[in-house]
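Colleague: Just one file: coords_39.txt, with compact mmCIF, C-alpha atoms.
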# COMPACT_ATOMS: atom_id res chain seq x y z
CA MET J 1 -3.25 19.13 27.88
CA ASP J 2 -6.53 17.79 29.25
CA ILE J 3 -7.78 17.43 25.71
CA PHE J 4 -4.77 15.35 24.79
CA TRP J 5 -5.33 12.90 27.66
CA THR J 6 -9.01 12.54 26.78
CA ILE J 7 -8.01 11.76 23.19
CA LEU J 8 -5.25 9.34 24.19
CA ILE J 9 -7.44 7.42 26.63
CA GLY J 10 -10.35 7.37 24.19
CA LEU J 11 -8.16 5.91 21.45
CA LEU J 12 -6.39 3.46 23.74
CA THR J 13 -9.66 1.92 24.92
CA SER J 14 -10.43 1.03 21.30
CA ALA J 15 -6.91 -0.32 20.72
CA GLY J 16 -8.22 -3.50 22.38
CA ILE J 17 -10.49 -4.13 19.39
CA THR J 18 -7.57 -3.53 17.02
CA VAL J 19 -5.53 -6.13 18.88
CA ILE J 20 -8.44 -8.61 19.02
CA VAL J 21 -9.18 -8.24 15.29
CA THR J 22 -5.47 -8.59 14.45
CA ILE J 23 -4.94 -11.72 16.54
CA SER J 24 -8.19 -13.41 15.48
CA ALA J 25 -7.66 -12.69 11.78
CA LEU J 26 -4.04 -13.84 12.08
CA PHE J 27 -5.25 -17.09 13.64
CA VAL J 28 -7.77 -17.71 10.84
CA ALA J 29 -5.20 -16.81 8.17
CA VAL J 30 -2.37 -18.96 9.56
CA ILE J 31 -4.53 -22.10 9.98
CA LEU J 32 -6.63 -21.80 6.81
CA GLY J 33 -3.57 -20.84 4.78
CA LEU J 34 -1.70 -23.92 5.94
CA ALA J 35 -4.67 -26.15 5.10
CA LEU J 36 -4.84 -24.60 1.63
CA ALA J 37 -1.10 -24.98 1.08
CA LEU J 38 -1.17 -28.65 2.17
CA LEU J 39 -4.08 -29.36 -0.18
CA ARG J 40 -2.40 -27.45 -3.00
CA GLU J 41 0.95 -29.19 -2.66
CA PHE J 42 0.08 -32.75 -1.67
CA SER J 43 -3.48 -33.63 -2.70
CA GLY J 44 -2.30 -34.67 -6.16
CA LYS J 45 -5.67 -33.71 -7.65
CA ALA J 46 -5.64 -31.15 -10.43
CA TRP J 47 -9.03 -29.65 -9.59
CA ILE J 48 -7.97 -28.98 -5.99
CA ARG J 49 -4.84 -27.20 -7.23
CA VAL J 50 -6.92 -25.09 -9.59
CA ALA J 51 -9.46 -24.29 -6.86
CA VAL J 52 -6.79 -23.22 -4.35
CA ASP J 53 -5.03 -21.11 -6.99
CA ALA J 54 -8.32 -19.46 -7.91
CA TYR J 55 -9.00 -18.72 -4.24
CA CYS J 56 -5.57 -17.14 -3.79
CA GLU J 57 -5.79 -15.02 -6.93
CA LEU J 58 -9.30 -13.77 -6.10
CA PHE J 59 -8.31 -12.71 -2.62
CA ARG J 60 -4.94 -11.26 -3.58
CA ASN J 61 -5.96 -9.16 -6.58
CA ILE J 62 -9.00 -7.41 -5.11
CA PRO J 63 -8.72 -4.73 -2.40
CA ALA J 64 -9.52 -5.69 1.19
CA LEU J 65 -12.03 -2.86 1.36
CA THR J 66 -14.04 -4.39 -1.51
CA HIS J 67 -14.04 -7.80 0.17
CA LEU J 68 -15.15 -6.25 3.45
CA PHE J 69 -18.01 -4.41 1.73
CA ILE J 70 -19.12 -7.61 -0.02
CA ILE J 71 -19.15 -9.49 3.29
CA TYR J 72 -20.67 -6.72 5.40
CA PHE J 73 -23.09 -4.93 3.05
CA GLY J 74 -23.41 -7.48 0.25
CA LEU J 75 -24.24 -10.56 2.31
CA ALA J 76 -26.62 -8.50 4.47
CA SER J 77 -28.68 -7.80 1.35
CA LEU J 78 -29.14 -11.58 1.01
CA GLY J 79 -30.35 -11.67 4.60
CA LEU J 80 -27.04 -12.94 5.99
CA ARG J 81 -26.17 -10.30 8.56
CA ILE J 82 -22.76 -10.49 10.20
CA ALA J 83 -21.82 -8.02 12.96
CA SER J 84 -18.98 -5.68 12.09
CA VAL J 85 -16.22 -7.22 14.24
CA PRO J 86 -16.83 -10.84 13.10
CA ALA J 87 -17.16 -9.57 9.51
CA ALA J 88 -13.81 -7.79 9.87
CA ILE J 89 -12.13 -10.91 11.27
CA LEU J 90 -13.68 -13.10 8.57
CA GLY J 91 -12.73 -10.72 5.75
CA LEU J 92 -9.16 -10.10 6.86
CA GLY J 93 -8.74 -13.79 7.77
CA LEU J 94 -9.90 -15.02 4.34
CA ILE J 95 -7.61 -12.54 2.57
CA GLY J 96 -4.78 -13.47 4.91
CA ALA J 97 -5.21 -17.18 4.14
CA ALA J 98 -4.43 -16.45 0.48
CA ILE J 99 -1.28 -14.58 1.53
CA THR J 100 -0.06 -17.18 4.04
CA CYS J 101 -0.85 -20.00 1.59
CA ASP J 102 1.65 -18.43 -0.81
CA ILE J 103 4.19 -18.03 2.00
CA TYR J 104 3.91 -21.71 3.00
CA ARG J 105 4.16 -22.80 -0.64
CA GLY J 106 7.38 -20.85 -0.88
CA GLY J 107 8.52 -22.71 2.23
CA TYR J 108 7.77 -26.13 0.71
CA ALA J 109 9.38 -25.11 -2.57
CA SER J 110 12.62 -24.18 -0.77
CA LEU J 111 13.10 -27.74 0.53
CA LYS J 112 15.39 -30.10 -1.32
CA ARG J 113 13.71 -32.96 -3.17
CA GLY J 114 16.02 -35.46 -1.52
CA GLN J 115 14.19 -34.81 1.76
CA THR J 116 11.07 -36.56 0.53
CA GLU J 117 13.00 -39.38 -1.10
CA ALA J 118 15.10 -39.96 2.03
CA ALA J 119 12.06 -39.90 4.33
CA LEU J 120 10.20 -42.41 2.15
CA ALA J 121 13.33 -44.55 1.82
CA VAL J 122 13.70 -44.94 5.59
CA GLY J 123 10.12 -46.21 5.74
CA LEU J 124 7.99 -43.19 6.69
CA THR J 125 4.52 -43.13 5.15
CA PRO J 126 3.73 -40.24 2.77
CA TRP J 127 1.55 -38.67 5.48
CA GLN J 128 4.36 -38.91 8.05
CA THR J 129 6.81 -37.49 5.53
CA ILE J 130 4.59 -34.47 4.98
CA MET J 131 3.70 -33.80 8.60
CA LEU J 132 6.95 -34.77 10.38
CA ILE J 133 9.66 -33.95 7.84
CA LEU J 134 8.50 -31.39 5.28
CA THR J 135 6.01 -29.19 7.16
CA PRO J 136 8.21 -28.36 10.18
CA GLN J 137 11.02 -27.26 7.88
CA ALA J 138 8.68 -25.31 5.61
CA LEU J 139 7.20 -23.53 8.65
CA ARG J 140 10.66 -22.53 9.80
CA VAL J 141 11.42 -20.89 6.47
CA SER J 142 7.96 -19.27 6.49
CA LEU J 143 8.34 -17.55 9.86
CA PRO J 144 10.02 -14.29 8.75
CA PRO J 145 7.49 -13.57 5.95
CA LEU J 146 4.66 -14.55 8.31
CA GLY J 147 5.94 -11.95 10.77
CA ASN J 148 5.93 -9.38 7.99
CA TYR J 149 2.37 -10.36 7.15
CA ALA J 150 1.31 -9.94 10.80
CA LEU J 151 2.72 -6.40 10.78
CA GLN J 152 0.85 -5.59 7.57
CA LEU J 153 -2.33 -7.10 9.00
CA MET J 154 -2.14 -4.97 12.14
CA LYS J 155 -2.04 -1.85 9.98
CA ASP J 156 -4.77 -3.15 7.69
CA THR J 157 -7.18 -3.48 10.61
CA SER J 158 -7.52 0.31 10.36
CA ILE J 159 -9.70 -0.11 7.28
CA VAL J 160 -12.33 -2.14 9.12
CA SER J 161 -13.40 1.22 10.55
CA ALA J 162 -15.17 1.55 7.19
CA ILE J 163 -17.58 -1.22 8.22
CA ALA J 164 -18.06 0.35 11.66
CA ALA J 165 -15.89 -2.02 13.70
CA PRO J 166 -15.06 0.13 16.75
CA GLU J 167 -11.26 -0.02 16.57
CA ILE J 168 -8.75 2.85 16.80
CA MET J 169 -9.59 4.60 13.54
CA PHE J 170 -13.34 4.27 14.02
CA GLN J 171 -12.96 5.79 17.48
CA ALA J 172 -10.73 8.53 16.04
CA ARG J 173 -13.29 9.40 13.38
CA SER J 174 -16.16 9.58 15.84
CA MET J 175 -14.08 11.69 18.24
CA VAL J 176 -13.28 14.07 15.38
CA THR J 177 -16.95 14.70 14.71
CA SER J 178 -17.60 15.58 18.35
CA SER J 179 -14.44 17.51 19.29
CA PHE J 180 -13.00 18.92 16.01
CA GLN J 181 -9.44 18.27 17.26
CA THR J 182 -8.78 16.66 13.88
CA THR J 183 -5.00 17.06 13.59
CA LEU J 184 -4.28 16.07 17.18
CA ILE J 185 -6.57 13.02 17.08
CA TYR J 186 -5.16 11.53 13.88
CA ALA J 187 -1.59 12.31 14.91
CA THR J 188 -2.19 10.51 18.22
CA ALA J 189 -3.69 7.56 16.32
CA ALA J 190 -0.57 7.47 14.13
CA VAL J 191 1.65 7.31 17.22
CA ILE J 192 -0.45 4.51 18.76
CA TYR J 193 -0.11 2.43 15.57
CA LEU J 194 3.61 3.10 15.52
CA VAL J 195 3.90 1.92 19.13
CA LEU J 196 1.80 -1.19 18.36
CA SER J 197 3.86 -2.03 15.27
CA PHE J 198 7.23 -1.53 16.95
CA PRO J 199 7.37 -4.87 18.83
CA LEU J 200 6.19 -6.66 15.68
CA ALA J 201 8.90 -4.98 13.60
CA VAL J 202 11.55 -6.03 16.14
CA LEU J 203 10.18 -9.57 16.08
CA VAL J 204 10.36 -9.66 12.27
CA ARG J 205 13.97 -8.46 12.38
CA ARG J 206 14.82 -11.21 14.91
CA LEU J 207 13.10 -13.88 12.81
CA GLU J 208 14.94 -12.70 9.71
CA THR J 209 18.37 -12.88 11.33
CA HIS J 210 17.55 -16.14 13.07
CA PHE J 211 15.92 -18.10 10.25
CA GLY J 212 17.09 -16.05 7.29
CA GLN J 213 20.40 -17.77 6.56
CA GLY J 214 18.80 -20.99 5.38
CA ARG J 215 17.03 -19.27 2.53
CA ALA J 216 19.97 -17.89 0.60
CA MET E 1 -30.15 -17.87 -7.59
CA ILE E 2 -30.97 -17.46 -11.28
CA GLU E 3 -32.76 -14.23 -10.46
CA PHE E 4 -29.64 -13.01 -8.70
CA LEU E 5 -27.40 -13.88 -11.63
CA LEU E 6 -29.77 -12.08 -13.99
CA SER E 7 -29.82 -8.94 -11.83
CA PHE E 8 -26.06 -9.13 -11.70
CA VAL E 9 -25.77 -9.03 -15.48
CA SER E 10 -28.72 -6.85 -16.40
CA TYR E 11 -27.60 -3.78 -14.46
CA TRP E 12 -24.08 -3.82 -15.85
CA SER E 13 -25.00 -1.68 -18.85
CA GLU E 14 -26.53 0.91 -16.51
CA TRP E 15 -23.59 0.95 -14.12
CA ALA E 16 -20.75 0.48 -16.57
CA PRO E 17 -20.28 4.12 -17.63
CA ARG E 18 -20.11 5.30 -14.02
CA LEU E 19 -17.86 2.48 -12.85
CA LEU E 20 -15.51 2.85 -15.79
CA LYS E 21 -15.25 6.60 -15.20
CA ALA E 22 -14.37 5.87 -11.58
CA LEU E 23 -11.88 3.27 -12.77
CA VAL E 24 -10.03 6.05 -14.61
CA ASN E 25 -9.64 7.90 -11.29
CA THR E 26 -8.41 4.72 -9.61
CA ALA E 27 -5.82 4.30 -12.37
CA LEU E 28 -4.88 7.98 -12.17
CA ILE E 29 -4.20 8.13 -8.42
CA SER E 30 -2.43 4.76 -8.59
CA ALA E 31 -0.16 5.87 -11.43
CA LEU E 32 0.64 9.26 -9.90
CA GLY E 33 1.08 7.77 -6.43
CA PHE E 34 3.42 5.16 -7.92
CA ILE E 35 5.54 7.83 -9.62
CA VAL E 36 5.93 9.72 -6.33
CA ALA E 37 6.71 6.46 -4.51
CA SER E 38 9.28 5.42 -7.13
CA VAL E 39 11.22 8.68 -7.17
CA LEU E 40 11.20 9.03 -3.39
CA GLY E 41 11.86 5.31 -2.97
CA VAL E 42 14.97 5.30 -5.18
CA LEU E 43 16.32 8.37 -3.34
CA LEU E 44 15.68 6.65 0.00
CA ALA E 45 17.34 3.45 -1.25
CA LEU E 46 20.40 5.45 -2.29
CA CYS E 47 20.51 6.93 1.23
CA LEU E 48 20.10 3.45 2.74
CA VAL E 49 23.20 2.16 0.91
CA ALA E 50 25.14 5.45 1.30
CA LYS E 51 28.42 5.71 3.20
CA SER E 52 27.23 8.68 5.25
CA THR E 53 25.77 7.54 8.57
CA PRO E 54 23.30 10.45 9.07
CA LEU E 55 21.79 9.80 5.62
CA ARG E 56 21.43 6.10 6.37
CA ARG E 57 19.84 6.84 9.76
CA LEU E 58 17.44 9.37 8.29
CA ALA E 59 16.30 7.01 5.54
CA SER E 60 15.85 4.07 7.89
CA VAL E 61 13.81 6.20 10.31
CA TYR E 62 11.59 7.22 7.38
CA VAL E 63 11.11 3.60 6.35
CA ALA E 64 10.42 2.45 9.93
CA VAL E 65 7.87 5.21 10.53
CA PHE E 66 5.97 4.68 7.30
CA ARG E 67 6.04 0.92 7.69
CA GLY E 68 4.45 1.35 11.13
CA ILE E 69 1.61 3.73 10.32
CA PRO E 70 -1.42 2.54 8.30
CA LEU E 71 -2.05 4.26 4.98
CA LEU E 72 -5.53 5.23 6.15
CA VAL E 73 -4.08 7.23 9.06
CA VAL E 74 -1.67 8.99 6.70
CA LEU E 75 -4.50 9.83 4.30
CA PHE E 76 -6.68 11.20 7.11
CA LEU E 77 -3.79 13.23 8.50
CA ILE E 78 -3.14 14.80 5.10
CA TYR E 79 -6.73 15.40 4.06
CA PHE E 80 -8.46 16.16 7.38
CA GLY E 81 -5.52 16.96 9.66
CA LEU E 82 -3.28 19.29 7.66
CA PRO E 83 -6.01 21.92 7.08
CA GLY E 84 -5.87 22.37 10.87
CA VAL E 85 -2.35 23.76 10.48
CA GLY E 86 -3.26 25.75 7.38
CA ILE E 87 -2.18 23.32 4.64
CA VAL E 88 -5.03 22.32 2.34
CA PHE E 89 -4.87 19.73 -0.43
CA ASN E 90 -7.84 18.53 -2.44
CA ALA E 91 -8.88 14.90 -2.07
CA LEU E 92 -7.15 13.63 -5.19
CA THR E 93 -3.84 15.34 -4.38
CA SER E 94 -4.02 14.08 -0.78
CA ALA E 95 -4.49 10.53 -2.06
CA VAL E 96 -1.50 10.80 -4.39
CA ILE E 97 0.72 12.25 -1.65
CA GLY E 98 -0.42 9.68 0.91
CA LEU E 99 0.06 6.71 -1.43
CA GLY E 100 3.41 8.12 -2.54
CA LEU E 101 4.75 8.66 0.99
CA CYS E 102 3.65 5.24 2.29
CA PHE E 103 4.74 3.18 -0.70
CA ALA E 104 8.07 5.04 -0.97
CA ALA E 105 9.08 3.13 2.16
CA GLN E 106 8.24 -0.17 0.45
CA MET E 107 9.96 0.85 -2.80
CA ALA E 108 13.06 1.85 -0.83
CA GLU E 109 13.32 -1.66 0.62
CA VAL E 110 12.77 -3.27 -2.79
CA VAL E 111 15.35 -1.10 -4.56
CA ARG E 112 17.83 -1.46 -1.70
CA ALA E 113 17.60 -5.25 -2.03
CA GLY E 114 18.26 -4.74 -5.75
CA PHE E 115 21.40 -2.70 -5.04
CA LEU E 116 22.68 -5.33 -2.63
CA ALA E 117 22.16 -8.04 -5.28
CA ILE E 118 24.67 -6.33 -7.61
CA PRO E 119 28.26 -7.30 -6.71
CA LYS E 120 30.47 -4.35 -5.68
CA GLY E 121 33.05 -5.40 -8.28
CA GLN E 122 30.68 -4.23 -11.03
CA PHE E 123 31.09 -0.62 -9.99
CA GLU E 124 34.84 -0.96 -9.53
CA ALA E 125 35.20 -2.66 -12.91
CA ALA E 126 33.13 0.04 -14.62
CA VAL E 127 35.30 2.78 -13.12
CA ALA E 128 38.45 0.82 -13.98
CA VAL E 129 37.55 0.65 -17.67
CA GLY E 130 37.07 4.41 -17.71
CA PHE E 131 33.42 5.21 -16.90
CA THR E 132 32.93 8.16 -14.56
CA PRO E 133 31.24 7.22 -11.24
CA SER E 134 27.96 8.81 -12.37
CA GLN E 135 28.10 6.97 -15.72
CA SER E 136 28.86 3.68 -13.97
CA PHE E 137 25.85 4.21 -11.77
CA ARG E 138 23.47 5.23 -14.55
CA LEU E 139 24.63 2.86 -17.29
CA ILE E 140 25.93 -0.17 -15.42
CA ILE E 141 24.39 -0.41 -11.95
CA LEU E 142 20.88 1.07 -12.22
CA PRO E 143 19.72 -0.97 -15.26
CA GLN E 144 20.76 -4.17 -13.49
CA VAL E 145 19.05 -3.09 -10.26
CA LEU E 146 15.83 -2.42 -12.15
CA ARG E 147 16.02 -5.82 -13.83
CA VAL E 148 16.55 -7.66 -10.56
CA SER E 149 13.81 -5.64 -8.85
CA ALA E 150 11.28 -5.67 -11.71
CA ALA E 151 9.07 -8.38 -10.19
CA PRO E 152 8.93 -6.94 -6.64
CA ILE E 153 8.35 -3.47 -8.10
CA ILE E 154 5.28 -4.76 -9.96
CA VAL E 155 4.10 -6.53 -6.81
CA THR E 156 4.44 -3.20 -4.98
CA PHE E 157 2.41 -1.48 -7.69
CA VAL E 158 -0.38 -4.06 -7.36
CA ALA E 159 -0.44 -3.48 -3.60
CA LEU E 160 -0.62 0.28 -4.23
CA LEU E 161 -3.41 -0.18 -6.77
CA LYS E 162 -5.44 -2.15 -4.22
CA ASP E 163 -4.74 0.33 -1.44
CA SER E 164 -5.84 3.20 -3.66
CA SER E 165 -9.33 1.98 -2.68
CA LEU E 166 -8.77 3.70 0.70
CA ALA E 167 -8.90 7.02 -1.14
CA SER E 168 -12.68 6.48 -1.21
CA LEU E 169 -12.67 7.21 2.52
CA ILE E 170 -11.28 10.71 1.87
CA THR E 171 -13.94 11.29 -0.82
CA VAL E 172 -11.90 10.62 -3.97
CA LYS E 173 -14.40 9.53 -6.62
CA GLU E 174 -12.70 6.25 -7.42
CA LEU E 175 -14.10 2.72 -7.86
CA VAL E 176 -15.11 1.95 -4.29
CA LEU E 177 -16.77 5.31 -3.64
CA GLU E 178 -18.71 5.11 -6.92
CA GLY E 179 -19.61 1.53 -5.99
CA ARG E 180 -20.99 2.73 -2.67
CA ALA E 181 -23.02 5.43 -4.40
CA ILE E 182 -24.51 2.91 -6.84
CA ALA E 183 -25.10 0.37 -4.06
CA THR E 184 -27.17 2.85 -2.03
CA GLU E 185 -29.04 4.12 -5.09
CA TYR E 186 -30.10 0.69 -6.32
CA PHE E 187 -30.13 -1.13 -2.95
CA MET E 188 -27.90 -3.79 -4.50
CA PRO E 189 -24.65 -3.77 -2.54
CA LEU E 190 -23.74 -7.36 -3.39
CA GLN E 191 -24.01 -6.91 -7.14
CA THR E 192 -22.23 -3.55 -7.22
CA PHE E 193 -19.33 -4.55 -5.00
CA ILE E 194 -18.81 -7.77 -6.94
CA TRP E 195 -18.58 -5.68 -10.11
CA VAL E 196 -16.14 -3.36 -8.34
CA GLY E 197 -14.10 -6.40 -7.36
CA VAL E 198 -14.16 -7.71 -10.94
CA LEU E 199 -12.81 -4.40 -12.26
CA TYR E 200 -9.93 -4.39 -9.75
CA PHE E 201 -9.21 -8.00 -10.63
CA VAL E 202 -9.06 -7.21 -14.34
CA LEU E 203 -6.43 -4.55 -13.63
CA ALA E 204 -4.41 -6.42 -11.00
CA PHE E 205 -4.40 -10.04 -12.14
CA PRO E 206 -2.41 -9.62 -15.40
CA LEU E 207 0.17 -7.58 -13.47
CA SER E 208 0.45 -10.30 -10.82
CA LEU E 209 0.94 -12.91 -13.53
CA ALA E 210 3.63 -10.78 -15.18
CA ALA E 211 5.40 -10.31 -11.86
CA ARG E 212 5.42 -14.06 -11.26
CA ALA E 213 6.80 -14.78 -14.73
CA MET E 214 9.54 -12.18 -14.21
CA ALA E 215 10.45 -13.56 -10.81
CA ARG E 216 10.78 -17.01 -12.33
CA ARG E 217 13.02 -15.68 -15.10
CA ALA E 218 15.15 -13.70 -12.62
CA THR E 219 15.83 -16.78 -10.45
CA ALA E 220 16.50 -18.88 -13.56
CA ASN E 221 19.15 -16.35 -14.63
CA LEU E 222 20.88 -16.58 -11.28
CA ARG E 223 21.38 -20.31 -11.56
Translate the structure described by the file into structure tokens.
Modeller:
Amino acid sequence: MDIFWTILIGLLTSAGITVIVTISALFVAVILGLALALLREFSGKAWIRVAVDAYCELFRNIPALTHLFIIYFGLASLGLRIASVPAAILGLGLIGAAITCDIYRGGYASLKRGQTEAALAVGLTPWQTIMLILTPQALRVSLPPLGNYALQLMKDTSIVSAIAAPEIMFQARSMVTSSFQTTLIYATAAVIYLVLSFPLAVLVRRLETHFGQGRA
Amino acid sequence: MIEFLLSFVSYWSEWAPRLLKALVNTALISALGFIVASVLGVLLALCLVAKSTPLRRLASVYVAVFRGIPLLVVLFLIYFGLPGVGIVFNALTSAVIGLGLCFAAQMAEVVRAGFLAIPKGQFEAAVAVGFTPSQSFRLIILPQVLRVSAAPIIVTFVALLKDSSLASLITVKELVLEGRAIATEYFMPLQTFIWVGVLYFVLAFPLSLAARAMARRATANLR
């Protein structure tokens, strides 16, 4: 039983890094993704649309692990060294921006065209129409899929152990090499992730029932 | 800059045979993992829409558990953990099982949504015109479910293909692991991992485009 407590406490101390990486990457993804979606939808310039689309496709069709290795090992070979935790946040955040950009675009696409026409007709400027009328409604529709993304992101932080960011899985792997309690350690890690994901899953369910009706 | 671009291109011929061989393994574990995920996922989806409460509960617990645990943890449990209780799989088999188990949960949700999109009257009408229940399911319901779900199923496969990269961490000789080997041999991590990324992109991008086209056609049909 003593062994179990040592394992549990060891893993829980590194859960802090998991939470920090998740929240920071989520922050980067949500903000950058919105900026990309706004540029993509409203800039009116073809080259910006193409650039944003290219960004999204590049980040969505290549595994996160490959992106993390490019940022962590690849950039270091050019002399640009980024510590493992910032590299993890940057990598997951940049990938996340491509995902959230698509979510927001879906949100804008779900709005009726009359919204824009009506807003312009009552005298709002195009900028006001975008920021005060369209974006708040698009965000509302985007909340359930954003919640789903956050849940996925929390699980995906486990792979940043591969670039030595000291989160739960990294801690688990290093404890395995010193204690050989392989099965128990990974099973405990699984339970910790399950416990971490549970509140997020409940939140997603709430968001879906609360904001879901408008989509159908 | 020019030097970098040249090094990027000039080593391709040296690396290509190794990377392409690894690409075959990536495709293999992805395809096999997808088959496991599809079969298990359809069974789970059937349980999720079943009348029996215990079946529904069981399936939704499965989905909740595998949606909450990262694939990497599942892979480590299978490959490193199970030998501790006397069950040993080789790396490739572990990867296929892990991918299959995790993505079955996602497939179950996708297929369940497909079932719910088919009006109940379809089944009743099929039985009324003389099909047996099993025929109605196989010939009337399932083909429609697969058509509605085609786009999200492809999206799920692309996600699985990308996540098959995690198999490198349990020593499956797929793209990322071969990339790491080449990167350390030649001291060129940037060039190798960009090539690795290009190869994934070449596989995944056409599928993503196809999924988008199908999704567009599916919504057009509904209107």
Colleague: Which residue, J:Val160, J:Leu65, J:Leu120, J:Arg105, has the smallest gap to J:Arg49 when you use all atoms listed in the file?
Modeller: J:Arg105
Colleague: Compute the chain J side of the contact with chain E at 6 Å, counting all atoms listed in the file, and hand it back as an mmCIF file with C-alpha atoms, in the frame of the given file.
Modeller:
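Below is the file that was written, iface-v7.cif:
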data_model
loop_
_atom_site.group_PDB
_atom_site.id
_atom_site.type_symbol
_atom_site.label_atom_id
_atom_site.label_comp_id
_atom_site.auth_asym_id
_atom_site.auth_seq_id
_atom_site.Cartn_x
_atom_site.Cartn_y
_atom_site.Cartn_z
ATOM 1 C CA ASN J 61 -5.960 -9.160 -6.580
ATOM 2 C CA ILE J 62 -9.000 -7.410 -5.110
ATOM 3 C CA PRO J 63 -8.720 -4.730 -2.400
ATOM 4 C CA ILE J 70 -19.120 -7.610 -0.020
ATOM 5 C CA PHE J 73 -23.090 -4.930 3.050
ATOM 6 C CA GLY J 74 -23.410 -7.480 0.250
ATOM 7 C CA LYS J 155 -2.040 -1.850 9.980
ATOM 8 C CA THR J 182 -8.780 16.660 13.880
ATOM 9 C CA THR J 183 -5.000 17.060 13.590
ATOM 10 C CA TYR J 186 -5.160 11.530 13.880
ATOM 11 C CA ALA J 190 -0.570 7.470 14.130
ATOM 12 C CA TYR J 193 -0.110 2.430 15.570
ATOM 13 C CA LEU J 194 3.610 3.100 15.520
ATOM 14 C CA SER J 197 3.860 -2.030 15.270
#
Colleague: Mind giving me the straight-line distance from atom CA of J:Tyr104 to atom CA of J:Leu132 in Å, one decimal?
Modeller: 15.3 Å
Colleague: Do you have the atom CA of J:Glu208-atom CA of J:Gly106 distance handy?
Modeller: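 These atoms are spaced 15.4 Å apart.
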Colleague: Between atom CA of E:Gly33 and atom CA of E:Lys21, what is the distance in Å, rounded to a tenth?
Modeller: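 Computing the Euclidean distance for atom CA of E:Gly33 and atom CA of E:Lys21 yields 18.6 Å.
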Colleague: Would you please work out which residue, of E:Ala104, E:Ala59, E:Val49, E:Ile87, is nearest to E:Leu116 when using all atoms listed in the file?
Modeller: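 For E:Leu116, the nearest of the given residues is E:Val49.
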Colleague: Give me the residues near E:Leu40 as a list in words, where near means some atom within 12 Å (using all atoms listed in the file) and where sequence neighbours in that chain fewer than 4 positions away do not count.
Modeller: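 Residues near the query, excluding close chain neighbours: Gly33, Phe34, Ile35, Val36, Leu44, Ala45, Leu46, Cys47, Ala59, Tyr62, Val63, Ile97, Leu99, Gly100, Leu101, Cys102, Phe103, Ala104, Ala105, Gln106, Met107, Ala108, Glu109 and Val111 of chain E.
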Colleague: Neighbours of J:Leu26 within 8 Å (all atoms listed in the file; same-chain residues fewer than 6 positions away dropped), as a PyMOL selection string?
Modeller: chain J and resi 93+96+150+153
Colleague: What's around J:Leu34 at 10 Å? Count only C-alpha atoms, leave out sequence neighbours fewer than 6 positions away in its own chain, and write the answer as a compact mmCIF listing (two decimals) with C-alpha atoms, in the coordinates of the input.
Modeller:
# COMPACT_ATOMS: atom_id res chain seq x y z
CA VAL J 28 -7.77 -17.71 10.84
CA ARG J 40 -2.40 -27.45 -3.00
CA ALA J 97 -5.21 -17.18 4.14
CA ALA J 98 -4.43 -16.45 0.48
CA THR J 100 -0.06 -17.18 4.04
CA CYS J 101 -0.85 -20.00 1.59
CA ASP J 102 1.65 -18.43 -0.81
CA ILE J 103 4.19 -18.03 2.00
CA TYR J 104 3.91 -21.71 3.00
CA ARG J 105 4.16 -22.80 -0.64
CA THR J 135 6.01 -29.19 7.16
CA LEU J 139 7.20 -23.53 8.65
Colleague: Dig up all the protein and nucleic acid residues within 7 Å of (7.3, -0.6, -7.3) in the file frame, using all atoms listed in the file, and format them as a list in words.
Modeller: Phe34, Ser38, Met107, Pro152, Ile153, Ile154, Val155, Thr156 and Phe157 of chain E
Colleague: Give me the residues within 10 Å of J:Val85 as an MDAnalysis selection string, counting all atoms listed in the file and dropping any in the same chain fewer than 5 places off.
Modeller: chainID J and resid 17:18 20:21 72 90:91 160:161 163:167
Colleague: Could you save those same residues with C-alpha atoms as a tab-separated table (two decimals), in the frame of the given file?
Modeller:
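Result file follows (again03.tsv):
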chain	number	residue	atom	x	y	z
J	17	ILE	CA	-10.49	-4.13	19.39
J	18	THR	CA	-7.57	-3.53	17.02
J	20	ILE	CA	-8.44	-8.61	19.02
J	21	VAL	CA	-9.18	-8.24	15.29
J	72	TYR	CA	-20.67	-6.72	5.40
J	90	LEU	CA	-13.68	-13.10	8.57
J	91	GLY	CA	-12.73	-10.72	5.75
J	160	VAL	CA	-12.33	-2.14	9.12
J	161	SER	CA	-13.40	1.22	10.55
J	163	ILE	CA	-17.58	-1.22	8.22
J	164	ALA	CA	-18.06	0.35	11.66
J	165	ALA	CA	-15.89	-2.02	13.70
J	166	PRO	CA	-15.06	0.13	16.75
J	167	GLU	CA	-11.26	-0.02	16.57
Colleague: Can you tell me which residues surround stretch 128-144 of chain E at a distance of at most 12 Å, considering only C-alpha atoms, apart from same-chain residues fewer than 2 positions away, and format the answer as a PyMOL selection string?
Modeller: chain E and resi 42+45-46+111-126+146-150+218
Colleague: Find the residue from J:Thr188, J:Thr125, J:Gln181, J:Gln115 that sits nearest to J:Ala138; use all atoms listed in the file when measuring.
Modeller: J:Gln115
